[in-house]
$ cat run_26.csv   # CSV, C-alpha atoms
chain,number,residue,atom,x,y,z
A,1,MET,CA,-34.4,-12.2,-10.8
A,2,ILE,CA,-32.2,-12.9,-13.9
A,3,LEU,CA,-31.0,-9.3,-13.8
A,4,HIS,CA,-30.3,-9.7,-10.1
A,5,THR,CA,-28.2,-12.8,-10.7
A,6,ARG,CA,-26.4,-11.2,-13.5
A,7,THR,CA,-25.7,-8.1,-11.4
A,8,LEU,CA,-24.3,-10.3,-8.6
A,9,LEU,CA,-22.2,-12.2,-11.1
A,10,ALA,CA,-20.8,-9.0,-12.6
A,11,LEU,CA,-20.1,-7.7,-9.1
A,12,SER,CA,-18.3,-11.0,-8.1
A,13,VAL,CA,-16.2,-10.8,-11.2
A,14,PHE,CA,-15.4,-7.1,-10.5
A,15,MET,CA,-14.5,-8.0,-6.9
A,16,LEU,CA,-12.2,-10.8,-8.0
A,17,VAL,CA,-10.4,-8.5,-10.4
A,18,MET,CA,-10.0,-5.9,-7.7
A,19,THR,CA,-8.8,-8.6,-5.3
A,20,ALA,CA,-6.2,-9.9,-7.8
A,21,GLY,CA,-4.8,-6.4,-8.0
A,22,THR,CA,-4.7,-6.0,-4.3
A,23,ALA,CA,-3.1,-9.4,-3.8
A,24,LEU,CA,-0.3,-8.6,-6.2
A,25,ALA,CA,0.2,-5.2,-4.6
A,26,HIS,CA,0.7,-6.3,-1.0
A,27,HIS,CA,0.7,-9.4,1.2
A,28,SER,CA,-0.9,-12.3,-0.5
A,29,PHE,CA,-3.6,-14.3,1.2
A,30,ALA,CA,-3.2,-17.0,-1.5
A,31,VAL,CA,-1.7,-19.3,1.2
A,32,TYR,CA,-5.2,-19.7,2.6
A,33,ASP,CA,-8.0,-21.9,1.5
A,34,HIS,CA,-10.8,-19.8,0.0
A,35,THR,CA,-13.3,-22.8,-0.2
A,36,GLN,CA,-13.8,-23.7,3.5
A,37,THR,CA,-13.5,-22.3,7.0
A,38,LEU,CA,-12.6,-23.8,10.3
A,39,LYS,CA,-14.4,-23.0,13.5
A,40,LEU,CA,-12.0,-23.1,16.4
A,41,LYS,CA,-12.7,-22.7,20.1
A,42,GLY,CA,-9.7,-22.2,22.2
A,43,THR,CA,-7.6,-20.4,24.8
A,44,VAL,CA,-5.4,-17.5,23.8
A,45,THR,CA,-1.7,-18.0,24.4
A,46,LYS,CA,-0.6,-14.8,22.7
A,47,PHE,CA,-2.0,-11.8,20.9
A,48,GLN,CA,0.8,-10.2,18.8
A,49,TRP,CA,-0.2,-6.6,18.0
A,50,SER,CA,2.2,-5.8,15.2
A,51,ASN,CA,2.6,-4.7,11.6
A,52,PRO,CA,2.5,-5.7,8.8
A,53,HIS,CA,0.0,-8.1,10.4
A,54,ALA,CA,-1.2,-9.1,13.8
A,55,TYR,CA,-1.3,-12.7,15.0
A,56,LEU,CA,-3.3,-14.7,17.5
A,57,ASP,CA,-2.0,-17.9,19.0
A,58,ILE,CA,-4.6,-20.2,20.5
A,59,ASP,CA,-4.6,-23.7,22.1
A,60,VAL,CA,-7.6,-25.8,21.0
A,61,LYS,CA,-8.4,-28.8,23.2
A,62,ASP,CA,-10.2,-31.9,22.3
A,63,ALA,CA,-10.7,-35.1,24.4
A,64,GLU,CA,-7.1,-36.3,24.0
A,65,SER,CA,-4.8,-33.5,23.2
A,66,VAL,CA,-4.2,-29.8,22.8
A,67,LYS,CA,-3.5,-28.4,19.3
A,68,HIS,CA,-1.8,-25.1,18.8
A,69,TYR,CA,-3.1,-22.8,16.0
A,70,THR,CA,-1.6,-19.6,14.7
A,71,LEU,CA,-4.1,-17.2,13.2
A,72,GLU,CA,-3.1,-14.3,11.0
A,73,LEU,CA,-5.0,-11.0,11.2
A,74,THR,CA,-4.6,-7.9,9.0
A,75,SER,CA,-2.5,-4.8,9.7
A,76,ILE,CA,-3.1,-3.3,13.1
A,77,ASN,CA,-3.6,0.1,11.4
A,78,MET,CA,-6.6,-1.4,9.6
A,79,LEU,CA,-7.8,-3.0,12.8
A,80,GLN,CA,-7.6,0.3,14.7
A,81,ARG,CA,-9.6,2.0,12.1
A,82,THR,CA,-12.3,-0.5,12.5
A,83,GLY,CA,-12.4,-0.2,16.3
A,84,TRP,CA,-9.9,-2.8,17.4
A,85,ARG,CA,-7.5,-2.2,20.4
A,86,SER,CA,-4.5,-4.1,21.5
A,87,ASN,CA,-6.1,-4.8,24.9
A,88,MET,CA,-9.2,-6.5,23.5
A,89,ILE,CA,-7.6,-9.9,23.7
A,90,LYS,CA,-5.2,-11.3,26.3
A,91,ALA,CA,-3.5,-14.6,27.1
A,92,GLY,CA,-6.0,-16.9,28.9
A,93,ASP,CA,-9.1,-15.5,27.1
A,94,GLU,CA,-11.5,-18.2,25.8
A,95,ILE,CA,-12.4,-17.2,22.3
A,96,SER,CA,-14.1,-18.7,19.2
A,97,ALA,CA,-12.7,-18.1,15.8
A,98,VAL,CA,-13.7,-18.5,12.2
A,99,ALA,CA,-10.7,-18.9,10.0
A,100,ALA,CA,-9.7,-19.8,6.5
A,101,PRO,CA,-7.2,-22.7,6.9
A,102,LEU,CA,-3.6,-22.7,5.5
A,103,LEU,CA,-3.5,-24.8,2.3
A,104,SER,CA,-0.2,-26.3,3.5
A,105,GLY,CA,-2.1,-28.2,6.2
A,106,GLN,CA,-0.2,-26.6,9.0
A,107,PRO,CA,-2.3,-25.6,12.0
A,108,GLY,CA,-2.9,-22.1,11.1
A,109,GLY,CA,-5.4,-19.8,9.3
A,110,LEU,CA,-6.5,-16.4,8.4
A,111,LEU,CA,-8.9,-15.0,11.0
A,112,LEU,CA,-12.2,-13.9,9.5
A,113,ALA,CA,-14.3,-13.5,12.6
A,114,ILE,CA,-13.9,-13.8,16.3
A,115,THR,CA,-16.2,-14.1,19.3
A,116,PHE,CA,-14.5,-12.6,22.4
A,117,ALA,CA,-14.7,-13.9,25.9
A,118,ASN,CA,-17.5,-11.4,26.6
A,119,GLY,CA,-19.6,-12.8,23.8
A,120,GLU,CA,-19.1,-10.0,21.3
A,121,THR,CA,-18.4,-11.0,17.7
A,122,LYS,CA,-16.3,-9.0,15.3
A,123,GLU,CA,-15.6,-9.5,11.6
A,124,LEU,CA,-12.0,-8.8,10.5
A,125,PRO,CA,-11.3,-6.0,8.0
A,126,VAL,CA,-9.8,-8.6,5.5
A,127,PRO,CA,-9.7,-7.2,1.9
A,128,ALA,CA,-12.3,-9.1,-0.3
A,129,ILE,CA,-13.4,-11.1,2.8
A,130,GLN,CA,-16.5,-12.3,0.8
A,131,THR,CA,-14.2,-14.4,-1.5
A,132,PHE,CA,-13.7,-16.8,1.5
A,133,LYS,CA,-16.5,-19.3,1.5
A,134,ARG,CA,-17.9,-19.9,5.0
A,135,THR,CA,-18.5,-23.6,5.6
A,136,GLU,CA,-18.5,-23.6,9.4
A,137,GLN,CA,-20.9,-20.8,10.2
A,138,GLU,CA,-22.3,-20.3,13.7
D,1,MET,CA,22.2,59.0,-6.4
D,2,ARG,CA,22.1,57.0,-3.2
D,3,ARG,CA,18.3,57.9,-2.9
D,4,LEU,CA,17.8,56.6,-6.4
D,5,ILE,CA,19.5,53.3,-5.7
D,6,VAL,CA,17.5,52.9,-2.5
D,7,LEU,CA,14.3,53.6,-4.5
D,8,ILE,CA,15.2,51.1,-7.2
D,9,VAL,CA,16.0,48.5,-4.6
D,10,VAL,CA,12.7,49.1,-2.8
D,11,VAL,CA,10.7,49.0,-6.1
D,12,VAL,CA,12.4,45.8,-7.2
D,13,SER,CA,11.9,44.1,-3.9
D,14,MET,CA,8.3,45.1,-3.8
D,15,ARG,CA,7.8,43.6,-7.3
D,16,ALA,CA,9.6,40.4,-6.3
D,17,ASN,CA,7.4,40.3,-3.2
D,18,ALA,CA,4.3,40.8,-5.2
D,19,THR,CA,5.3,38.0,-7.6
D,20,ALA,CA,6.0,35.7,-4.7
D,21,GLN,CA,2.6,36.6,-3.1
D,22,GLN,CA,0.8,36.0,-6.5
D,23,THR,CA,2.5,32.6,-6.8
D,24,ALA,CA,1.7,31.8,-3.2
D,25,ALA,CA,-2.0,32.8,-3.8
D,26,ASN,CA,-2.2,30.1,-6.6
D,27,VAL,CA,-0.7,27.4,-4.5
D,28,PRO,CA,-3.5,25.2,-3.2
D,29,ASP,CA,-3.5,24.0,0.4
D,30,ILE,CA,-3.0,20.3,0.1
D,31,THR,CA,-1.6,19.8,3.6
D,32,GLY,CA,-3.4,17.0,5.5
D,33,SER,CA,-4.4,13.4,5.3
D,34,TRP,CA,-5.5,11.7,2.1
D,35,GLU,CA,-6.6,8.3,1.1
D,36,ARG,CA,-6.7,6.7,-2.3
D,37,ALA,CA,-10.0,7.3,-4.2
D,38,ARG,CA,-11.3,5.4,-7.1
D,39,ASP,CA,-13.3,7.8,-9.2
D,40,ASN,CA,-14.9,7.6,-12.7
D,41,SER,CA,-12.9,10.7,-13.7
D,42,ILE,CA,-9.7,8.9,-13.3
D,43,PRO,CA,-8.7,6.8,-16.4
D,44,PRO,CA,-7.7,3.2,-15.8
D,45,GLN,CA,-4.0,2.5,-15.7
D,46,PRO,CA,-2.7,1.4,-19.2
D,47,PRO,CA,-0.2,-1.5,-19.3
D,48,PRO,CA,3.5,-0.4,-19.3
D,49,PRO,CA,4.7,0.3,-22.8
D,50,LEU,CA,7.8,-2.0,-22.4
D,51,LYS,CA,10.2,-2.6,-25.3
D,52,PRO,CA,9.7,-6.1,-26.7
D,53,GLU,CA,12.9,-7.4,-25.0
D,54,TYR,CA,11.5,-6.4,-21.6
D,55,LEU,CA,7.8,-7.1,-22.3
D,56,LYS,CA,8.2,-10.9,-22.6
D,57,PRO,CA,10.1,-11.5,-19.3
D,58,TYR,CA,7.6,-9.1,-17.6
D,59,GLN,CA,4.6,-11.0,-18.9
D,60,ALA,CA,6.3,-14.3,-18.0
D,61,LYS,CA,6.8,-13.0,-14.5
D,62,LEU,CA,3.1,-11.9,-14.1
D,63,GLN,CA,2.1,-15.4,-15.3
D,64,ALA,CA,4.4,-17.0,-12.8
D,65,LEU,CA,2.9,-14.9,-10.0
D,66,ARG,CA,-0.6,-15.8,-11.0
D,67,GLU,CA,0.2,-19.5,-11.2
D,68,ALA,CA,2.0,-19.4,-7.9
D,69,ASN,CA,-1.1,-17.7,-6.3
D,70,ALA,CA,-3.4,-20.4,-7.9
D,71,ARG,CA,-1.1,-23.1,-6.3
D,72,GLY,CA,-1.4,-21.4,-2.9
D,73,GLN,CA,2.3,-20.8,-3.0
D,74,PRO,CA,2.6,-17.1,-3.7
D,75,ILE,CA,6.0,-15.6,-4.5
D,76,ALA,CA,7.0,-13.4,-1.7
D,77,GLU,CA,6.7,-9.7,-2.5
D,78,ARG,CA,9.2,-7.1,-1.2
D,79,VAL,CA,6.8,-6.2,1.6
D,80,VAL,CA,7.1,-9.7,3.1
D,81,MET,CA,10.8,-8.9,3.8
D,82,CYS,CA,9.6,-5.7,5.6
D,83,LEU,CA,10.8,-3.6,2.6
D,84,PRO,CA,8.8,-0.6,1.5
D,85,ASP,CA,7.2,0.0,-1.9
D,86,GLY,CA,9.3,3.0,-2.8
D,87,MET,CA,8.5,5.3,-5.7
D,88,PRO,CA,6.0,5.5,-7.3
D,89,GLY,CA,4.3,2.5,-5.6
D,90,MET,CA,4.0,4.4,-2.3
D,91,MET,CA,1.7,6.9,-4.0
D,92,GLY,CA,-0.8,4.0,-4.7
D,93,GLY,CA,-1.8,3.4,-1.1
D,94,PRO,CA,-3.5,1.2,0.1
D,95,PHE,CA,-3.0,3.1,3.4
D,96,PRO,CA,-3.6,6.8,4.0
D,97,MET,CA,-0.9,9.4,3.3
D,98,GLU,CA,-0.1,12.8,4.7
D,99,VAL,CA,1.0,15.8,2.8
D,100,LEU,CA,2.9,18.6,4.6
D,101,GLN,CA,3.7,21.9,2.9
D,102,SER,CA,6.5,23.9,4.5
D,103,LYS,CA,8.9,26.5,3.3
D,104,GLY,CA,10.8,25.2,0.3
D,105,GLN,CA,9.5,21.6,0.7
D,106,VAL,CA,6.5,19.4,0.3
D,107,THR,CA,6.7,16.2,2.3
D,108,ILE,CA,4.6,13.1,1.6
D,109,ILE,CA,4.3,10.4,4.2
D,110,GLN,CA,2.7,7.1,3.3
D,111,GLU,CA,1.4,5.4,6.5
D,112,ALA,CA,2.3,1.8,5.4
D,113,TYR,CA,6.0,1.2,6.3
D,114,THR,CA,6.3,4.9,7.3
D,115,GLN,CA,7.5,5.8,3.8
D,116,VAL,CA,8.7,9.4,3.5
D,117,ARG,CA,9.6,11.5,0.4
D,118,ARG,CA,10.8,15.0,0.4
D,119,ILE,CA,10.1,17.2,-2.7
D,120,LEU,CA,12.5,20.1,-2.6
D,121,LEU,CA,11.0,23.2,-4.2
D,122,ASP,CA,12.7,25.5,-6.7
D,123,ARG,CA,16.0,23.7,-6.9
D,124,PRO,CA,17.8,22.4,-9.9
D,125,GLN,CA,17.6,18.6,-10.5
D,126,LYS,CA,20.9,16.8,-9.9
D,127,ALA,CA,22.7,14.5,-12.3
D,128,VAL,CA,21.7,10.8,-11.9
D,129,ALA,CA,25.4,10.0,-11.1
D,130,ASP,CA,25.2,12.4,-8.1
D,131,VAL,CA,22.3,10.7,-6.5
D,132,GLU,CA,22.7,7.5,-4.5
D,133,PRO,CA,19.9,5.1,-5.6
D,134,GLY,CA,17.2,4.6,-2.9
D,135,PHE,CA,13.5,3.6,-2.5
D,136,TYR,CA,12.1,7.2,-2.6
D,137,GLY,CA,14.7,8.9,-4.8
D,138,TYR,CA,15.7,12.5,-5.1
D,139,SER,CA,12.7,14.8,-5.9
D,140,VAL,CA,12.7,18.4,-6.9
D,141,GLY,CA,9.6,20.4,-7.8
D,142,HIS,CA,8.0,23.7,-8.4
D,143,TRP,CA,4.5,25.2,-8.4
D,144,ASP,CA,3.2,26.0,-11.9
D,145,GLY,CA,0.0,27.8,-11.1
D,146,GLY,CA,-2.0,25.3,-9.0
D,147,THR,CA,0.0,22.3,-10.1
D,148,LEU,CA,3.0,20.9,-8.3
D,149,MET,CA,5.4,19.7,-11.0
D,150,VAL,CA,7.8,17.1,-9.6
D,151,ASP,CA,10.8,15.2,-11.0
D,152,THR,CA,12.2,12.2,-9.2
D,153,ILE,CA,15.4,10.3,-10.0
D,154,GLY,CA,17.6,7.8,-8.2
D,155,ILE,CA,15.3,4.8,-7.7
D,156,LYS,CA,17.1,1.5,-6.9
D,157,GLU,CA,16.8,-0.9,-9.8
D,158,ASN,CA,15.5,-3.6,-7.5
D,159,ALA,CA,12.8,-1.4,-6.1
D,160,THR,CA,10.5,-2.1,-9.0
D,161,TYR,CA,7.0,-0.8,-9.4
D,162,GLN,CA,4.4,-3.5,-10.2
D,163,ASN,CA,7.2,-5.8,-11.4
D,164,VAL,CA,8.0,-3.4,-14.2
D,165,PRO,CA,11.8,-3.1,-14.7
D,166,HIS,CA,13.5,0.3,-14.8
D,167,SER,CA,16.9,1.6,-15.5
D,168,SER,CA,19.0,4.0,-13.4
D,169,GLU,CA,18.2,6.7,-15.9
D,170,MET,CA,14.4,6.6,-15.1
D,171,HIS,CA,12.7,9.9,-14.3
D,172,ILE,CA,9.3,9.9,-12.6
D,173,LYS,CA,7.4,13.1,-13.5
D,174,GLU,CA,4.4,14.1,-11.5
D,175,ARG,CA,1.7,16.7,-11.8
D,176,ILE,CA,-0.1,17.0,-8.5
D,177,SER,CA,-3.2,19.2,-8.3
D,178,LEU,CA,-6.6,19.6,-6.8
D,179,GLY,CA,-9.2,18.6,-9.4
D,180,ALA,CA,-12.8,17.5,-10.0
D,181,ASN,CA,-14.9,16.1,-7.1
D,182,ASN,CA,-12.4,17.7,-4.6
D,183,LEU,CA,-9.9,15.0,-5.3
D,184,LEU,CA,-6.2,15.4,-5.2
D,185,ARG,CA,-4.8,14.0,-8.4
D,186,ASP,CA,-1.3,12.8,-9.1
D,187,GLU,CA,-0.6,12.3,-12.8
D,188,ILE,CA,2.5,10.2,-12.9
D,189,THR,CA,4.6,9.8,-16.0
D,190,ILE,CA,7.5,7.4,-16.1
D,191,GLU,CA,10.2,8.3,-18.6
D,192,ASP,CA,12.8,5.6,-19.2
D,193,PRO,CA,13.8,5.4,-22.9
D,194,ALA,CA,16.2,2.4,-22.2
D,195,ILE,CA,13.2,0.2,-21.1
D,196,LEU,CA,10.0,1.9,-22.3
D,197,GLU,CA,9.0,2.5,-25.9
D,198,LYS,CA,7.3,5.7,-24.8
D,199,PRO,CA,6.5,7.4,-21.5
D,200,TRP,CA,4.0,5.6,-19.2
D,201,THR,CA,1.3,7.8,-17.8
D,202,PHE,CA,-1.3,7.0,-15.2
D,203,THR,CA,-3.2,8.9,-12.4
D,204,TYR,CA,-3.8,8.3,-8.8
D,205,ALA,CA,-6.6,10.2,-7.0
D,206,TYR,CA,-7.1,10.8,-3.3
D,207,ARG,CA,-9.9,12.1,-1.1
D,208,ARG,CA,-9.4,14.1,2.0
D,209,MET,CA,-9.6,12.6,5.5
D,210,PRO,CA,-10.3,15.7,7.5
D,211,ASP,CA,-10.1,14.1,11.0
D,212,TYR,CA,-7.5,11.4,10.3
D,213,GLN,CA,-4.0,11.4,11.8
D,214,LEU,CA,-1.6,9.0,10.4
D,215,LEU,CA,-0.8,6.0,12.7
D,216,GLU,CA,2.6,4.5,13.5
D,217,TYR,CA,3.7,1.7,11.2
D,218,VAL,CA,6.7,-0.4,12.0
D,219,CYS,CA,7.3,-3.7,10.4
D,220,GLU,CA,7.9,-5.8,13.5
D,221,ASP,CA,8.5,-9.5,14.1
D,222,ASN,CA,6.9,-10.4,10.8
D,223,ARG,CA,5.9,-14.1,10.8
D,224,GLU,CA,5.7,-14.1,7.0
D,225,TYR,CA,8.9,-14.9,5.3
D,226,ALA,CA,10.3,-16.0,2.0
D,227,ASP,CA,11.7,-19.6,1.9
D,228,GLN,CA,14.8,-20.6,-0.1
D,229,ASN,CA,12.7,-20.7,-3.3
D,230,GLY,CA,11.2,-17.2,-2.6
D,231,VAL,CA,7.8,-18.6,-1.7
D,232,GLN,CA,5.8,-16.8,1.0
D,233,LYS,CA,5.5,-18.8,4.1
D,234,ILE,CA,4.3,-18.2,7.7
D,235,ARG,CA,6.2,-19.2,10.8
D,236,ILE,CA,4.0,-21.6,12.8
D,237,PRO,CA,5.2,-22.4,16.3
D,238,GLY,CA,5.9,-26.1,16.6
D,239,SER,CA,5.5,-26.8,12.9
D,240,ASP,CA,8.5,-26.8,10.5
D,241,LYS,CA,6.7,-28.0,7.4

$ encode --input "run_26.csv" --output "structure tokens"
Amino acid sequence: MILHTRTLLALSVFMLVMTAGTALAHHSFAVYDHTQTLKLKGTVTKFQWSNPHAYLDIDVKDAESVKHYTLELTSINMLQRTGWRSNMIKAGDEISAVAAPLLSGQPGGLLLAITFANGETKELPVPAIQTFKRTEQE
Amino acid sequence: MRRLIVLIVVVVSMRANATAQQTAANVPDITGSWERARDNSIPPQPPPPLKPEYLKPYQAKLQALREANARGQPIAERVVMCLPDGMPGMMGGPFPMEVLQSKGQVTIIQEAYTQVRRILLDRPQKAVADVEPGFYGYSVGHWDGGTLMVDTIGIKENATYQNVPHSSEMHIKERISLGANNLLRDEITIEDPAILEKPWTFTYAYRRMPDYQLLEYVCEDNREYADQNGVQKIRIPGSDK
């Protein structure tokens, strides 16, 4: 068990080191909170299928108001390689999202997982996705 | 006499042809799609051997980048402005690349930002002053047995690799070959005596992607941007924070 924990620890350190390199090499995800996640249920207003990253705009309703959120995805090339297609989401779809919120407090986040209108759930091919602590799991 | 001349011409051309065929026989087929591979046979990249006057600002810059990341306010990298990595960063992935071998030229296409470099074979290198600086530079190369030897000049001074400064006189030398574990290896040596104490050598390796065709990559309507302080931000509709 101790060995197991040590192995995990070593692996985590290794992953962090690898992540640091990746983050410096390309687009940084440092603008997002790695310590908590939001769970958002909303209506899609736009799915922007583009590079370097795709974006998903959703309206989240509560009892009094509608709040607009912008969710960042990864490169559409990475998405395609993991089975995504541009027609999988369209305006008007009701979706549920798990996202790492923006540290700035703005209504936005990094999309980590999504449940589509048809009930299917997909994880995003975010590099080092395990470094984002899930606090709002389904 | 005429017959003798014809005979000599025929013999000489046959020999030249044989030499060309021999050379061609040694040239490996590296055409196809490749992705970066991390393999135990590839030594880790050493730090850049910068001269002291360049080492301090470089270390300070890395420290500033780390601190900015820790604050959640990363300093925008070139790619945020839709600018490509350029050489030699484009050889490091993280997206797949395609190698095309054609007569007199090897072409390398990096999927990310559709970066293209052309390695012109068996041509003399130009003078630095005769090459307009760019992101991919001017590359000439030749096959030495199974190794493609490449020399690249003309990299823009603002197109830095891993935040390491370079001068207009920089040469990027490459030895590209098929090696252990069926990996394609690119041993890269950066020669820049004005900035580096000694040449900086490191190796990238790639594994074949037999069924992969490169995808389109256009940097389009990027919502990431650099603010007036160079900090990476994201355009959020209805929020101007």

$ closest_residue --input "run_26.csv" --among "D:Ala25, D:Met90, D:Ala37, D:Ala226" --to "Gln162 in chain D" --atoms "all atoms listed in the file"
D:Met90

$ interface_residues --input "run_26.csv" --of "chain A" --to "chain D" --cutoff "6 Å" --atoms "only C-alpha atoms" --output "MDAnalysis selection string"
chainID A and resid 30:31 50:52

$ write_last_selection --input "run_26.csv" --atoms "C-alpha atoms" --output "compact mmCIF listing (two decimals), in the frame of the given file"
# COMPACT_ATOMS: atom_id res chain seq x y z
CA ALA A 30 -3.20 -17.00 -1.50
CA VAL A 31 -1.70 -19.30 1.20
CA SER A 50 2.20 -5.80 15.20
CA ASN A 51 2.60 -4.70 11.60
CA PRO A 52 2.50 -5.70 8.80

$ residues_around --input "run_26.csv" --residues "Ala194 in chain D" --least-positions-apart "5" --cutoff "9 Å" --atoms "all atoms listed in the file" --output "VMD selection string"
chain D and resid 51 166 to 167 169 to 170

$ residues_around --input "run_26.csv" --residues "Val66 in chain A" --least-positions-apart "6" --cutoff "12 Å" --atoms "only C-alpha atoms" --output "mmCIF file with C-alpha atoms, in the frame of the given file"
data_model
loop_
_atom_site.group_PDB
_atom_site.id
_atom_site.type_symbol
_atom_site.label_atom_id
_atom_site.label_comp_id
_atom_site.auth_asym_id
_atom_site.auth_seq_id
_atom_site.Cartn_x
_atom_site.Cartn_y
_atom_site.Cartn_z
ATOM 1 C CA LYS A 41 -12.700 -22.700 20.100
ATOM 2 C CA GLY A 42 -9.700 -22.200 22.200
ATOM 3 C CA THR A 43 -7.600 -20.400 24.800
ATOM 4 C CA ILE A 58 -4.600 -20.200 20.500
ATOM 5 C CA ASP A 59 -4.600 -23.700 22.100
ATOM 6 C CA VAL A 60 -7.600 -25.800 21.000
ATOM 7 C CA PRO A 107 -2.300 -25.600 12.000
#

$ residues_around --input "run_26.csv" --residues "Ile114 in chain A" --least-positions-apart "4" --cutoff "9 Å" --atoms "all atoms listed in the file" --output "NGL selection string"
:A and (95-99 or 120-124)

$ atom_distance --input "run_26.csv" --atom1 "CA of Ile30 in chain D" --atom2 "CA of Thr152 in chain D"
19.6 Å

$ closest_residue --input "run_26.csv" --among "D:Gln228, D:Ile188, D:Val164, D:Ala205" --to "Lys56 in chain D" --atoms "all atoms listed in the file"
D:Val164

$ atom_distance --input "run_26.csv" --atom1 "CA of Ile109 in chain D" --atom2 "CA of Lys156 in chain D"
19.1 Å

$ atom_distance --input "run_26.csv" --atom1 "CA of Gln36 in chain A" --atom2 "CA of Pro125 in chain A"
18.4 Å

$ closest_residue --input "run_26.csv" --among "A:Ala117, A:Leu79, A:Leu71, A:Ala63" --to "Leu40 in chain A" --atoms "only C-alpha atoms"
A:Leu71

$ residues_around --input "run_26.csv" --residues "Gly104 in chain D" --least-positions-apart "6" --cutoff "12 Å" --atoms "all atoms listed in the file" --output "list in words"
Ala24, Arg118, Ile119, Leu120, Leu121, Asp122, Arg123, Val140, Gly141, His142 and Trp143 of chain D
